[in-house]
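Reproduced below: protein_33.pdb, with PDB, C-alpha atoms.
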ATOM      1  CA  MET A   1      36.989 -22.277  27.711
ATOM      2  CA  LYS A   2      39.811 -19.749  27.583
ATOM      3  CA  ALA A   3      42.423 -19.132  30.272
ATOM      4  CA  LEU A   4      42.963 -15.390  30.636
ATOM      5  CA  GLU A   5      44.925 -13.792  33.438
ATOM      6  CA  PHE A   6      43.990 -10.348  34.600
ATOM      7  CA  LEU A   7      44.828  -8.095  37.538
ATOM      8  CA  LEU A   8      43.108  -5.197  39.193
ATOM      9  CA  ALA A   9      44.939  -2.601  41.219
ATOM     10  CA  ALA A  10      45.118  -2.716  45.010
ATOM     11  CA  THR A  11      44.637  -6.503  45.017
ATOM     12  CA  LEU A  12      40.989  -6.016  44.127
ATOM     13  CA  LEU A  13      41.012  -9.182  42.075
ATOM     14  CA  THR A  14      43.427 -12.069  42.125
ATOM     15  CA  THR A  15      43.212 -14.291  39.050
ATOM     16  CA  LEU A  16      45.128 -17.512  38.869
ATOM     17  CA  ALA A  17      46.251 -19.292  35.714
ATOM     18  CA  ALA A  18      43.665 -21.593  34.255
ATOM     19  CA  CYS A  19      43.491 -25.305  33.649
ATOM     20  CA  GLY A  20      45.027 -27.205  36.488
ATOM     21  CA  GLY A  21      46.906 -24.319  38.078
ATOM     22  CA  THR A  22      46.749 -24.096  41.858
ATOM     23  CA  GLY A  23      45.602 -20.941  43.541
ATOM     24  CA  ALA A  24      45.544 -19.320  46.917
ATOM     25  CA  ALA A  25      43.220 -20.764  49.499
ATOM     26  CA  SER A  26      40.280 -18.805  50.798
ATOM     27  CA  THR A  27      41.314 -16.117  53.225
ATOM     28  CA  GLY A  28      38.284 -16.756  55.431
ATOM     29  CA  ASP A  29      37.900 -12.982  55.509
ATOM     30  CA  ALA A  30      34.312 -11.749  55.647
ATOM     31  CA  LYS A  31      35.357  -9.039  53.202
ATOM     32  CA  THR A  32      36.668 -11.484  50.579
ATOM     33  CA  VAL A  33      34.673 -13.874  48.397
ATOM     34  CA  THR A  34      36.496 -16.768  46.711
ATOM     35  CA  VAL A  35      35.190 -17.885  43.318
ATOM     36  CA  TYR A  36      36.203 -21.144  41.625
ATOM     37  CA  THR A  37      35.300 -20.778  37.971
ATOM     38  CA  ALA A  38      35.612 -22.352  34.577
ATOM     39  CA  ASP A  39      37.683 -20.008  32.463
ATOM     40  CA  GLY A  40      36.213 -17.783  29.781
ATOM     41  CA  LEU A  41      34.395 -14.985  31.600
ATOM     42  CA  ALA A  42      37.403 -12.930  32.652
ATOM     43  CA  ASP A  43      36.341  -9.829  30.717
ATOM     44  CA  TRP A  44      32.932  -9.815  32.404
ATOM     45  CA  TYR A  45      34.342 -10.676  35.807
ATOM     46  CA  GLN A  46      36.831  -7.827  35.670
ATOM     47  CA  THR A  47      34.173  -5.149  35.313
ATOM     48  CA  ARG A  48      31.479  -6.808  37.432
ATOM     49  CA  PHE A  49      33.736  -7.695  40.345
ATOM     50  CA  ALA A  50      35.134  -4.160  40.384
ATOM     51  CA  ALA A  51      31.562  -2.830  40.530
ATOM     52  CA  PHE A  52      30.650  -5.358  43.247
ATOM     53  CA  THR A  53      33.621  -4.319  45.378
ATOM     54  CA  GLU A  54      32.751  -0.663  44.945
ATOM     55  CA  LYS A  55      29.171  -1.357  46.041
ATOM     56  CA  THR A  56      29.907  -3.649  48.969
ATOM     57  CA  GLY A  57      33.535  -3.228  49.978
ATOM     58  CA  THR A  58      33.995  -6.981  49.504
ATOM     59  CA  LYS A  59      36.927  -8.125  47.388
ATOM     60  CA  VAL A  60      36.771 -11.097  45.034
ATOM     61  CA  GLN A  61      39.491 -13.730  44.728
ATOM     62  CA  VAL A  62      39.262 -15.926  41.632
ATOM     63  CA  VAL A  63      40.669 -19.371  40.842
ATOM     64  CA  GLU A  64      40.214 -20.285  37.150
ATOM     65  CA  ALA A  65      40.493 -23.802  35.757
ATOM     66  CA  GLY A  66      39.016 -26.162  33.204
ATOM     67  CA  SER A  67      35.394 -27.103  33.858
ATOM     68  CA  GLY A  68      36.186 -30.559  35.241
ATOM     69  CA  GLU A  69      39.180 -29.332  37.229
ATOM     70  CA  VAL A  70      36.961 -26.885  39.106
ATOM     71  CA  VAL A  71      34.941 -29.793  40.483
ATOM     72  CA  SER A  72      38.041 -31.935  41.075
ATOM     73  CA  ARG A  73      39.468 -29.181  43.236
ATOM     74  CA  LEU A  74      36.243 -28.926  45.211
ATOM     75  CA  GLN A  75      36.354 -32.692  45.790
ATOM     76  CA  LYS A  76      39.955 -32.555  47.032
ATOM     77  CA  GLU A  77      39.041 -29.772  49.457
ATOM     78  CA  LYS A  78      35.757 -31.300  50.648
ATOM     79  CA  SER A  79      37.002 -31.679  54.223
ATOM     80  CA  ASN A  80      38.281 -28.093  54.222
ATOM     81  CA  PRO A  81      36.207 -26.083  51.709
ATOM     82  CA  GLN A  82      37.770 -22.975  50.218
ATOM     83  CA  ALA A  83      35.266 -21.864  47.550
ATOM     84  CA  ASP A  84      32.341 -19.596  48.272
ATOM     85  CA  VAL A  85      30.948 -19.463  44.719
ATOM     86  CA  VAL A  86      31.368 -22.115  42.010
ATOM     87  CA  VAL A  87      30.892 -21.425  38.278
ATOM     88  CA  THR A  88      31.303 -24.251  35.776
ATOM     89  CA  LEU A  89      29.596 -25.921  32.818
ATOM     90  CA  PRO A  90      27.180 -28.843  32.604
ATOM     91  CA  PRO A  91      27.460 -31.695  33.364
ATOM     92  CA  PHE A  92      30.139 -30.708  35.881
ATOM     93  CA  ILE A  93      27.811 -28.455  37.879
ATOM     94  CA  GLN A  94      25.419 -31.424  38.159
ATOM     95  CA  LYS A  95      28.335 -33.578  39.324
ATOM     96  CA  ALA A  96      29.235 -31.004  41.974
ATOM     97  CA  SER A  97      25.634 -31.095  43.150
ATOM     98  CA  ALA A  98      25.481 -34.906  43.186
ATOM     99  CA  ASP A  99      28.727 -35.071  45.180
ATOM    100  CA  GLY A 100      27.447 -32.705  47.862
ATOM    101  CA  LEU A 101      29.797 -29.884  46.898
ATOM    102  CA  LEU A 102      27.056 -27.248  46.657
ATOM    103  CA  GLN A 103      24.432 -25.993  49.083
ATOM    104  CA  PRO A 104      20.894 -24.844  48.253
ATOM    105  CA  TYR A 105      20.361 -21.168  47.646
ATOM    106  CA  ALA A 106      17.482 -19.441  45.856
ATOM    107  CA  VAL A 107      19.109 -16.571  43.977
ATOM    108  CA  PRO A 108      16.720 -13.653  43.448
ATOM    109  CA  GLY A 109      15.750 -13.530  39.779
ATOM    110  CA  ALA A 110      16.185 -17.278  39.249
ATOM    111  CA  ASP A 111      12.511 -17.428  38.262
ATOM    112  CA  GLN A 112      13.481 -15.482  35.135
ATOM    113  CA  VAL A 113      16.060 -18.109  34.128
ATOM    114  CA  LYS A 114      14.712 -20.621  31.627
ATOM    115  CA  GLY A 115      17.918 -22.626  31.251
ATOM    116  CA  VAL A 116      19.810 -25.002  33.531
ATOM    117  CA  LYS A 117      18.865 -24.565  37.191
ATOM    118  CA  ALA A 118      18.044 -26.476  40.373
ATOM    119  CA  ASP A 119      17.731 -25.641  44.056
ATOM    120  CA  ASN A 120      21.517 -25.312  44.366
ATOM    121  CA  TYR A 121      22.634 -23.925  40.998
ATOM    122  CA  VAL A 122      21.422 -21.558  38.295
ATOM    123  CA  THR A 123      22.596 -20.453  34.863
ATOM    124  CA  VAL A 124      24.387 -17.099  34.980
ATOM    125  CA  VAL A 125      25.531 -16.720  31.332
ATOM    126  CA  ASP A 126      24.166 -18.510  28.267
ATOM    127  CA  ASN A 127      26.534 -19.836  25.610
ATOM    128  CA  TYR A 128      26.871 -22.385  22.768
ATOM    129  CA  LEU A 129      29.401 -24.871  21.457
ATOM    130  CA  ASN A 130      31.138 -24.136  18.163
ATOM    131  CA  PHE A 131      34.410 -24.814  16.368
ATOM    132  CA  VAL A 132      36.989 -22.338  15.099
ATOM    133  CA  VAL A 133      38.796 -22.675  11.786
ATOM    134  CA  HIS A 134      41.907 -20.998  10.340
ATOM    135  CA  GLN A 135      41.875 -19.728   6.762
ATOM    136  CA  LYS A 136      44.502 -22.340   5.824
ATOM    137  CA  ALA A 137      41.835 -24.984   6.317
ATOM    138  CA  GLY A 138      39.829 -23.683   3.408
ATOM    139  CA  GLY A 139      36.107 -24.058   3.881
ATOM    140  CA  PRO A 140      35.201 -27.273   5.703
ATOM    141  CA  LYS A 141      31.452 -27.538   6.124
ATOM    142  CA  THR A 142      30.777 -30.896   7.754
ATOM    143  CA  PHE A 143      32.170 -33.183  10.423
ATOM    144  CA  ASP A 144      33.118 -35.621   7.662
ATOM    145  CA  ASP A 145      35.264 -32.931   6.017
ATOM    146  CA  LEU A 146      37.544 -33.034   9.068
ATOM    147  CA  LEU A 147      38.396 -36.678   8.301
ATOM    148  CA  ASP A 148      40.179 -35.678   5.080
ATOM    149  CA  PRO A 149      43.903 -36.646   5.181
ATOM    150  CA  ARG A 150      44.874 -33.030   4.509
ATOM    151  CA  PHE A 151      43.825 -32.278   8.107
ATOM    152  CA  LYS A 152      46.399 -34.702   9.539
ATOM    153  CA  GLY A 153      47.965 -33.068  12.590
ATOM    154  CA  LYS A 154      45.747 -30.010  12.124
ATOM    155  CA  VAL A 155      42.711 -30.845  14.279
ATOM    156  CA  GLN A 156      42.506 -30.729  18.059
ATOM    157  CA  TYR A 157      39.644 -30.744  20.543
ATOM    158  CA  SER A 158      39.598 -30.545  24.315
ATOM    159  CA  THR A 159      39.231 -33.840  26.126
ATOM    160  CA  PRO A 160      35.726 -35.111  26.940
ATOM    161  CA  GLY A 161      35.312 -35.630  30.670
ATOM    162  CA  GLN A 162      37.893 -32.976  31.485
ATOM    163  CA  ALA A 163      36.756 -29.875  29.604
ATOM    164  CA  GLY A 164      33.148 -28.752  29.331
ATOM    165  CA  ASP A 165      33.479 -27.845  25.662
ATOM    166  CA  GLY A 166      35.175 -31.158  24.911
ATOM    167  CA  THR A 167      32.415 -33.055  26.678
ATOM    168  CA  ALA A 168      29.912 -31.100  24.573
ATOM    169  CA  VAL A 169      31.656 -32.285  21.393
ATOM    170  CA  LEU A 170      31.128 -35.890  22.498
ATOM    171  CA  LEU A 171      27.486 -35.211  23.358
ATOM    172  CA  LEU A 172      26.783 -33.441  20.078
ATOM    173  CA  LEU A 173      28.235 -36.286  18.024
ATOM    174  CA  GLN A 174      26.228 -38.798  20.064
ATOM    175  CA  HIS A 175      23.138 -36.726  19.309
ATOM    176  CA  LEU A 176      23.905 -36.613  15.584
ATOM    177  CA  LEU A 177      25.342 -40.095  15.025
ATOM    178  CA  GLY A 178      24.225 -42.215  17.971
ATOM    179  CA  LYS A 179      26.627 -43.433  20.640
ATOM    180  CA  GLN A 180      28.356 -46.076  18.536
ATOM    181  CA  GLY A 181      28.431 -43.786  15.511
ATOM    182  CA  ALA A 182      30.125 -41.098  17.612
ATOM    183  CA  LEU A 183      32.763 -43.580  18.809
ATOM    184  CA  ASP A 184      33.390 -44.699  15.240
ATOM    185  CA  TYR A 185      33.798 -41.073  14.178
ATOM    186  CA  PHE A 186      36.270 -40.277  16.960
ATOM    187  CA  GLY A 187      38.239 -43.375  16.041
ATOM    188  CA  LYS A 188      38.556 -42.134  12.450
ATOM    189  CA  LEU A 189      39.303 -38.548  13.508
ATOM    190  CA  GLU A 190      42.194 -39.741  15.653
ATOM    191  CA  ALA A 191      44.338 -40.000  12.499
ATOM    192  CA  ASN A 192      44.132 -36.197  12.227
ATOM    193  CA  ASN A 193      43.916 -35.285  15.917
ATOM    194  CA  VAL A 194      46.944 -33.648  17.555
ATOM    195  CA  GLY A 195      46.171 -35.099  20.976
ATOM    196  CA  PRO A 196      44.393 -34.445  24.269
ATOM    197  CA  SER A 197      43.954 -31.018  25.830
ATOM    198  CA  ALA A 198      42.408 -30.321  29.233
ATOM    199  CA  SER A 199      41.748 -26.712  28.245
ATOM    200  CA  THR A 200      39.700 -25.479  25.308
ATOM    201  CA  GLY A 201      41.086 -21.984  25.734
ATOM    202  CA  LYS A 202      44.643 -23.126  25.032
ATOM    203  CA  LEU A 203      43.580 -24.226  21.549
ATOM    204  CA  GLN A 204      42.545 -20.748  20.404
ATOM    205  CA  PRO A 205      46.062 -19.285  19.989
ATOM    206  CA  LYS A 206      47.157 -22.412  18.131
ATOM    207  CA  VAL A 207      44.387 -21.986  15.568
ATOM    208  CA  SER A 208      44.982 -18.255  15.308
ATOM    209  CA  LYS A 209      48.671 -18.851  14.505
ATOM    210  CA  GLY A 210      47.841 -21.604  12.023
ATOM    211  CA  GLU A 211      49.662 -24.277  14.056
ATOM    212  CA  ILE A 212      46.426 -26.245  13.878
ATOM    213  CA  TRP A 213      43.523 -25.484  11.576
ATOM    214  CA  VAL A 214      40.428 -26.550  13.485
ATOM    215  CA  ALA A 215      39.555 -26.742  17.180
ATOM    216  CA  ASN A 216      36.449 -26.741  19.317
ATOM    217  CA  GLY A 217      35.430 -23.692  21.286
ATOM    218  CA  ASP A 218      32.346 -21.764  22.267
ATOM    219  CA  VAL A 219      30.609 -18.699  20.900
ATOM    220  CA  GLN A 220      31.201 -16.421  23.885
ATOM    221  CA  MET A 221      34.882 -17.183  24.251
ATOM    222  CA  ASN A 222      35.687 -17.184  20.551
ATOM    223  CA  LEU A 223      33.890 -13.964  19.622
ATOM    224  CA  ALA A 224      35.609 -12.255  22.559
ATOM    225  CA  SER A 225      38.962 -13.581  21.362
ATOM    226  CA  ILE A 226      38.386 -12.255  17.839
ATOM    227  CA  ALA A 227      37.356  -8.831  19.167
ATOM    228  CA  ASN A 228      39.902  -8.425  21.957
ATOM    229  CA  ASP A 229      42.888 -10.510  20.867
ATOM    230  CA  LYS A 230      42.432 -10.108  17.098
ATOM    231  CA  SER A 231      42.453 -13.895  16.749
ATOM    232  CA  ALA A 232      42.743 -15.031  13.137
ATOM    233  CA  PHE A 233      39.954 -17.584  12.927
ATOM    234  CA  ARG A 234      36.253 -17.767  12.198
ATOM    235  CA  LEU A 235      33.443 -19.587  13.937
ATOM    236  CA  PHE A 236      32.363 -22.879  12.376
ATOM    237  CA  PHE A 237      29.330 -25.094  13.045
ATOM    238  CA  PRO A 238      29.974 -28.413  11.239
ATOM    239  CA  ALA A 239      26.946 -29.990   9.627
ATOM    240  CA  GLY A 240      25.958 -33.543  10.509
ATOM    241  CA  PRO A 241      24.979 -36.385   8.164
ATOM    242  CA  GLN A 242      21.635 -34.747   7.346
ATOM    243  CA  GLY A 243      23.346 -31.512   6.312
ATOM    244  CA  LYS A 244      21.966 -29.631   9.307
ATOM    245  CA  ARG A 245      24.183 -27.419  11.455
ATOM    246  CA  THR A 246      23.513 -28.154  15.120
ATOM    247  CA  THR A 247      25.042 -26.944  18.365
ATOM    248  CA  VAL A 248      24.744 -27.619  22.090
ATOM    249  CA  SER A 249      23.506 -25.125  24.646
ATOM    250  CA  LEU A 250      26.464 -24.835  27.021
ATOM    251  CA  PRO A 251      25.836 -22.261  29.762
ATOM    252  CA  TYR A 252      27.980 -21.101  32.630
ATOM    253  CA  VAL A 253      26.176 -22.173  35.799
ATOM    254  CA  MET A 254      26.841 -20.945  39.349
ATOM    255  CA  GLY A 255      26.240 -22.406  42.782
ATOM    256  CA  LEU A 256      27.072 -21.689  46.408
ATOM    257  CA  GLY A 257      29.879 -23.873  47.717
ATOM    258  CA  ALA A 258      29.032 -26.367  50.456
ATOM    259  CA  LYS A 259      30.277 -25.074  53.831
ATOM    260  CA  ALA A 260      31.497 -21.931  52.079
ATOM    261  CA  PRO A 261      33.908 -19.963  54.312
ATOM    262  CA  ASN A 262      32.048 -16.749  53.437
ATOM    263  CA  ALA A 263      28.573 -17.956  52.504
ATOM    264  CA  ASP A 264      26.960 -14.572  53.122
ATOM    265  CA  GLY A 265      29.448 -12.872  50.793
ATOM    266  CA  GLY A 266      28.973 -15.627  48.242
ATOM    267  CA  LYS A 267      25.195 -15.157  48.282
ATOM    268  CA  GLN A 268      25.637 -11.419  47.895
ATOM    269  CA  LEU A 269      27.900 -11.903  44.871
ATOM    270  CA  MET A 270      25.519 -14.419  43.262
ATOM    271  CA  ASP A 271      22.633 -12.006  43.811
ATOM    272  CA  TYR A 272      24.586  -9.295  42.041
ATOM    273  CA  LEU A 273      25.687 -11.469  39.077
ATOM    274  CA  LEU A 274      22.088 -12.476  38.368
ATOM    275  CA  SER A 275      20.718  -8.960  38.876
ATOM    276  CA  THR A 276      19.307  -7.149  35.859
ATOM    277  CA  GLU A 277      22.101  -4.584  36.239
ATOM    278  CA  ALA A 278      24.867  -7.167  35.834
ATOM    279  CA  GLN A 279      23.013  -9.319  33.295
ATOM    280  CA  GLN A 280      22.566  -6.332  30.994
ATOM    281  CA  THR A 281      26.372  -6.133  30.647
ATOM    282  CA  VAL A 282      27.126  -9.779  29.776
ATOM    283  CA  SER A 283      27.118  -9.308  26.016
ATOM    284  CA  GLY A 284      28.775  -5.904  25.960
ATOM    285  CA  ASP A 285      31.592  -6.986  28.269
ATOM    286  CA  ALA A 286      32.177 -10.557  27.126
ATOM    287  CA  PHE A 287      29.920 -11.655  24.213
ATOM    288  CA  GLY A 288      27.838 -13.810  26.532
ATOM    289  CA  LEU A 289      24.049 -13.983  26.547
ATOM    290  CA  PRO A 290      22.092 -13.003  29.656
ATOM    291  CA  ALA A 291      20.569 -15.920  31.531
ATOM    292  CA  ARG A 292      17.498 -13.894  32.470
ATOM    293  CA  ALA A 293      14.607 -13.900  29.995
ATOM    294  CA  ASP A 294      13.620 -10.381  31.076
ATOM    295  CA  VAL A 295      16.973  -8.891  30.026
ATOM    296  CA  LYS A 296      17.296  -8.050  26.324
ATOM    297  CA  PRO A 297      20.516  -6.209  25.412
ATOM    298  CA  THR A 298      20.696  -4.255  22.167
ATOM    299  CA  ASP A 299      24.458  -3.749  21.916
ATOM    300  CA  ALA A 300      26.565  -4.761  18.909
ATOM    301  CA  ASN A 301      28.099  -7.739  20.714
ATOM    302  CA  TYR A 302      24.672  -9.188  21.467
ATOM    303  CA  GLN A 303      23.746  -8.806  17.822
ATOM    304  CA  ALA A 304      27.020 -10.518  16.809
ATOM    305  CA  VAL A 305      26.149 -13.537  18.962
ATOM    306  CA  GLU A 306      22.655 -13.715  17.506
ATOM    307  CA  LYS A 307      24.092 -13.520  13.992
ATOM    308  CA  ALA A 308      26.657 -16.236  14.721
ATOM    309  CA  VAL A 309      24.004 -18.796  15.687
ATOM    310  CA  ALA A 310      21.411 -17.776  13.106
ATOM    311  CA  GLY A 311      20.231 -20.848  11.213
ATOM    312  CA  VAL A 312      21.921 -23.237  13.661
ATOM    313  CA  GLU A 313      19.688 -25.706  15.496
ATOM    314  CA  ILE A 314      20.272 -25.479  19.252
ATOM    315  CA  TRP A 315      20.012 -28.756  21.151
ATOM    316  CA  GLN A 316      19.314 -28.872  24.891
ATOM    317  CA  PRO A 317      20.695 -32.104  26.436
ATOM    318  CA  ASP A 318      19.093 -33.839  29.387
ATOM    319  CA  TRP A 319      21.975 -33.105  31.747
ATOM    320  CA  THR A 320      20.731 -35.509  34.427
ATOM    321  CA  LYS A 321      20.961 -38.374  31.942
ATOM    322  CA  VAL A 322      24.273 -37.044  30.635
ATOM    323  CA  LEU A 323      25.746 -37.181  34.134
ATOM    324  CA  ALA A 324      24.394 -40.690  34.766
ATOM    325  CA  ASP A 325      26.080 -41.971  31.584
ATOM    326  CA  LEU A 326      29.181 -39.775  31.677
ATOM    327  CA  ASP A 327      31.736 -42.162  33.204
ATOM    328  CA  ALA A 328      30.750 -44.994  30.866
ATOM    329  CA  ASP A 329      30.654 -42.672  27.848
ATOM    330  CA  VAL A 330      34.079 -41.205  28.601
ATOM    331  CA  ALA A 331      35.522 -44.686  29.139
ATOM    332  CA  ALA A 332      34.100 -45.817  25.801
ATOM    333  CA  TYR A 333      35.463 -42.686  24.119
ATOM    334  CA  THR A 334      38.938 -43.265  25.589
ATOM    335  CA  LYS A 335      38.937 -46.837  24.351
ATOM    336  CA  ALA A 336      37.829 -45.742  20.882
ATOM    337  CA  VAL A 337      40.613 -43.175  20.411
ATOM    338  CA  ARG A 338      43.301 -45.487  21.765
ATOM    339  CA  GLY A 339      42.354 -48.108  19.248
TER
END
Can you give me the file's structure in the form of C-alpha cells?
Amino acid sequence: MKALEFLLAATLLTTLAACGGTGAASTGDAKTVTVYTADGLADWYQTRFAAFTEKTGTKVQVVEAGSGEVVSRLQKEKSNPQADVVVTLPPFIQKASADGLLQPYAVPGADQVKGVKADNYVTVVDNYLNFVVHQKAGGPKTFDDLLDPRFKGKVQYSTPGQAGDGTAVLLLLQHLLGKQGALDYFGKLEANNVGPSASTGKLQPKVSKGEIWVANGDVQMNLASIANDKSAFRLFFPAGPQGKRTTVSLPYVMGLGAKAPNADGGKQLMDYLLSTEAQQTVSGDAFGLPARADVKPTDANYQAVEKAVAGVEIWQPDWTKVLADLDADVAAYTKAVRG
C-alpha cells in the first residue's frame, strides 16, 4: 500500500517514510498517541487526526511501513512497546494478535462491523486487491496474458510475506489455481518479473511513468492515486482460468498495542476512527469503504469504488487458516521463484 509523507502545522502530525523506515519512538506523553500503520490511508488520516486533535487536544504521531514491517517493528519493541494503535492488513494483524502484540479492547460500534474482527482487532476501512496497468501494456485481461514474452521486465508485484497486497496476490492465485498451480504460475511469471518489492505503494509511480506496465495494488490506494496524483494507469482485475474476475477482500484492521504507553489515548482514537462521523468520511477523503454496515456514503468517490468492483467476485479468505499456513506457503513461493 502506498507510502505518502504528509505534514501538519505545529507538529500536529508527524509522518515517517514508509516501508522499512525508522521513526521516532513514542513520547510517552498522555497528550500524544503513536500509531503504527500500513501505508495507504494518509489522506484520511490527515483530516481525521486533525479533527481528533481539535476535539481532544491529543496529538497523533504516525509511523508508516509495509504491512509486515509494522508487525516486525512491534516484535522488535516487545520489551519496550512504543505503539498505542496498530493498523495493518490481514494476515499480519492476526500474526500480531497471535504473538501477543495486541491487547483486547471492544471498540464502540464494532457490532456494526461485518468484516475481519476479534476481541483485540477490528476492521476500520474496507478495501480490495487489484492490479494497475499502463496503456503501453495494451489490454491484458487474464493472469495468463501476463506470461506473454512482451511483458518481460514489465511486471512487478510486492513480495508475499512482506507486503499485505503481495500476500493477497499469492492467496488469490492459490484460490484460483490451487497451491501447486499458484507456485507453477509464479515460476513462469518470474521470466517477466522485475524483482521483489517490500512496498506495493512504490510500484505505483513506476507504472504511471511506464517503467513497468503492470503491478499489484488495491482499490483504495490506486483510485486515490489517480485522483490526487494524476497517475497514468487504470485498475485491472485479471480473470482466472474460468474467465471470472475475482478479488480478495483486504481491509485495514486496527488494534490496541500491548502495553501501549498511552492506552487511554489509543482507545479514544480508535473510538473516533470507528465512529459514524469518521466512517462517513472514508470514501470522500481516501476512496476507502466504511467498515460499519450502518454507514452508507453517497459521495462520488464511494460510487467510483462501487463501479470499480462491479462484476468482480469478492473472495473472503479464512485468515486464521491463512496465518497457520503462511510461513510454509511463503517458503514454497520463494523456492518456486528462485527456481
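Residue membership of the PyMOL selection byres ((chain A and resi 308) around 10) in the shown file amounts to A:Asn130, A:Val219, A:Leu223, A:Leu235, A:Phe236, A:Phe237, A:Tyr302, A:Gln303, A:Ala304, A:Val305, A:Glu306, A:Lys307, A:Val309, A:Ala310, A:Gly311, A:Val312.
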**Q.** All residues 6 Å or closer to segment 105-122 of chain A, all atoms listed in the file, same chain fewer than 6 positions away omitted, as a VMD selection string
**A.** chain A and resid 253 to 255 271 291 to 293
(Q) Using only C-alpha atoms for the distances, tell me which of A:Ser249, A:Ser67, A:Gln103, A:Gln180 is nearest to Lys267 of chain A. (A)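 Smallest distance to Lys267 of chain A is found for A:Gln103.
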Q: Write out as a list in words each polymer residue whose atoms come within 6 Å of segment 147-158 of chain A, counting all atoms listed in the file; drop sequence neighbours fewer than 6 positions from it.
A: Gly166, Leu189, Asn192, Asn193, Val194, Ser197, Ala198, Ser199, Thr200, Ile212, Trp213, Val214, Ala215 and Asn216 of chain A
**Q.** Residues selected by the PyMOL selection byres ((chain A and resi 266) around 9), written as JSON, numbers by chain
**A.** {"A": [33, 34, 35, 83, 84, 85, 256, 257, 260, 261, 262, 263, 264, 265, 267, 268, 269, 270, 271]}
Requested write-out: C-alpha atoms of the selected residues, as an mmCIF file, keeping the file's coordinate frame:
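Written file, again-v4.cif:
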data_model
loop_
_atom_site.group_PDB
_atom_site.id
_atom_site.type_symbol
_atom_site.label_atom_id
_atom_site.label_comp_id
_atom_site.auth_asym_id
_atom_site.auth_seq_id
_atom_site.Cartn_x
_atom_site.Cartn_y
_atom_site.Cartn_z
ATOM 1 C CA VAL A 33 34.673 -13.874 48.397
ATOM 2 C CA THR A 34 36.496 -16.768 46.711
ATOM 3 C CA VAL A 35 35.190 -17.885 43.318
ATOM 4 C CA ALA A 83 35.266 -21.864 47.550
ATOM 5 C CA ASP A 84 32.341 -19.596 48.272
ATOM 6 C CA VAL A 85 30.948 -19.463 44.719
ATOM 7 C CA LEU A 256 27.072 -21.689 46.408
ATOM 8 C CA GLY A 257 29.879 -23.873 47.717
ATOM 9 C CA ALA A 260 31.497 -21.931 52.079
ATOM 10 C CA PRO A 261 33.908 -19.963 54.312
ATOM 11 C CA ASN A 262 32.048 -16.749 53.437
ATOM 12 C CA ALA A 263 28.573 -17.956 52.504
ATOM 13 C CA ASP A 264 26.960 -14.572 53.122
ATOM 14 C CA GLY A 265 29.448 -12.872 50.793
ATOM 15 C CA LYS A 267 25.195 -15.157 48.282
ATOM 16 C CA GLN A 268 25.637 -11.419 47.895
ATOM 17 C CA LEU A 269 27.900 -11.903 44.871
ATOM 18 C CA MET A 270 25.519 -14.419 43.262
ATOM 19 C CA ASP A 271 22.633 -12.006 43.811
#
For segment 265-275 of chain A, I'd like the enclosing box, axis-aligned and padded by 3 Å on every side, reported as JSON with centre and edge lengths in Å to one decimal.
{"center_x": 25.1, "center_y": -12.3, "center_z": 44.6, "size_x": 14.7, "size_y": 12.7, "size_z": 18.4}
Q) How far is it from atom CA of Val62 of chain A to atom CA of Ser275 of chain A, in Å with one decimal? A)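 Separation of atom CA of Val62 of chain A and atom CA of Ser275 of chain A: 20.0 Å.
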Q | Between atom CA of Lys202 of chain A and atom CA of Leu89 of chain A - distance in Å to one decimal | A | 17.2 Å
Q: Can you pull out every residue within 12 Å of Lys259 of chain A, counting all atoms listed in the file, but drop anything in the same chain fewer than 6 positions away, and send it as a list in words?
A: Gly28, Leu74, Glu77, Lys78, Ser79, Asn80, Pro81, Gln82, Ala83, Asp84, Val85, Gly100, Leu101, Leu102, Gln103, Pro104 and Gly266 of chain A
Q) What is the atom CA of Gly339 of chain A-atom CA of Ala182 of chain A distance in Å, reported with one decimal? A)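 It comes out at 14.2 Å.
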Q: Around the point (32.1, -30.5, 33.6), in the coordinates given by the file, pick out the residues reaching within 9 Å, counting only C-alpha atoms, and return them as a PyMOL selection string.
A: chain A and resi 38+66-71+88-96+160-165+167
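If you measure from each of A:Thr37, A:Thr334, A:Thr281, A:Gln242 to Thr142 of chain A using only C-alpha atoms, the closest one turns out to be A:Gln242.
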Q. Written as a ChimeraX atom specification, what is the full residue list that the PyMOL selection byres ((chain A and resi 315) around 8) yields on the file shown?
A. /A:246-249,313-314,316-317
Q | 9 Å contact set for Tyr45 of chain A, all atoms listed in the file, chain neighbours under 5 positions out, as number ranges by chain | A | A: 50, 285-286
Could you pull segment 53-60 of chain A out of the block above and save it with N, CA and C atoms, as an mmCIF file, in the first residue's frame?
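File written: decode_13.cif
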data_model
loop_
_atom_site.group_PDB
_atom_site.id
_atom_site.type_symbol
_atom_site.label_atom_id
_atom_site.label_comp_id
_atom_site.auth_asym_id
_atom_site.auth_seq_id
_atom_site.Cartn_x
_atom_site.Cartn_y
_atom_site.Cartn_z
ATOM 1 N N THR A 53 -7.506 15.842 17.069
ATOM 2 C CA THR A 53 -6.712 16.742 17.905
ATOM 3 C C THR A 53 -7.527 17.969 18.306
ATOM 4 N N GLU A 54 -8.317 18.469 17.386
ATOM 5 C CA GLU A 54 -9.157 19.622 17.699
ATOM 6 C C GLU A 54 -10.181 19.270 18.775
ATOM 7 N N LYS A 55 -10.717 18.053 18.708
ATOM 8 C CA LYS A 55 -11.725 17.617 19.670
ATOM 9 C C LYS A 55 -11.135 17.350 21.050
ATOM 10 N N THR A 56 -9.959 16.728 21.066
ATOM 11 C CA THR A 56 -9.422 16.189 22.320
ATOM 12 C C THR A 56 -8.178 16.895 22.848
ATOM 13 N N GLY A 57 -7.484 17.611 21.977
ATOM 14 C CA GLY A 57 -6.213 18.204 22.374
ATOM 15 C C GLY A 57 -5.057 17.228 22.306
ATOM 16 N N THR A 58 -5.322 16.002 21.891
ATOM 17 C CA THR A 58 -4.290 14.964 21.807
ATOM 18 C C THR A 58 -3.709 14.909 20.403
ATOM 19 N N LYS A 59 -2.404 15.002 20.301
ATOM 20 C CA LYS A 59 -1.720 14.927 19.019
ATOM 21 C C LYS A 59 -1.528 13.467 18.601
ATOM 22 N N VAL A 60 -1.301 13.271 17.316
ATOM 23 C CA VAL A 60 -1.102 11.920 16.788
ATOM 24 C C VAL A 60 0.237 11.860 16.066
#
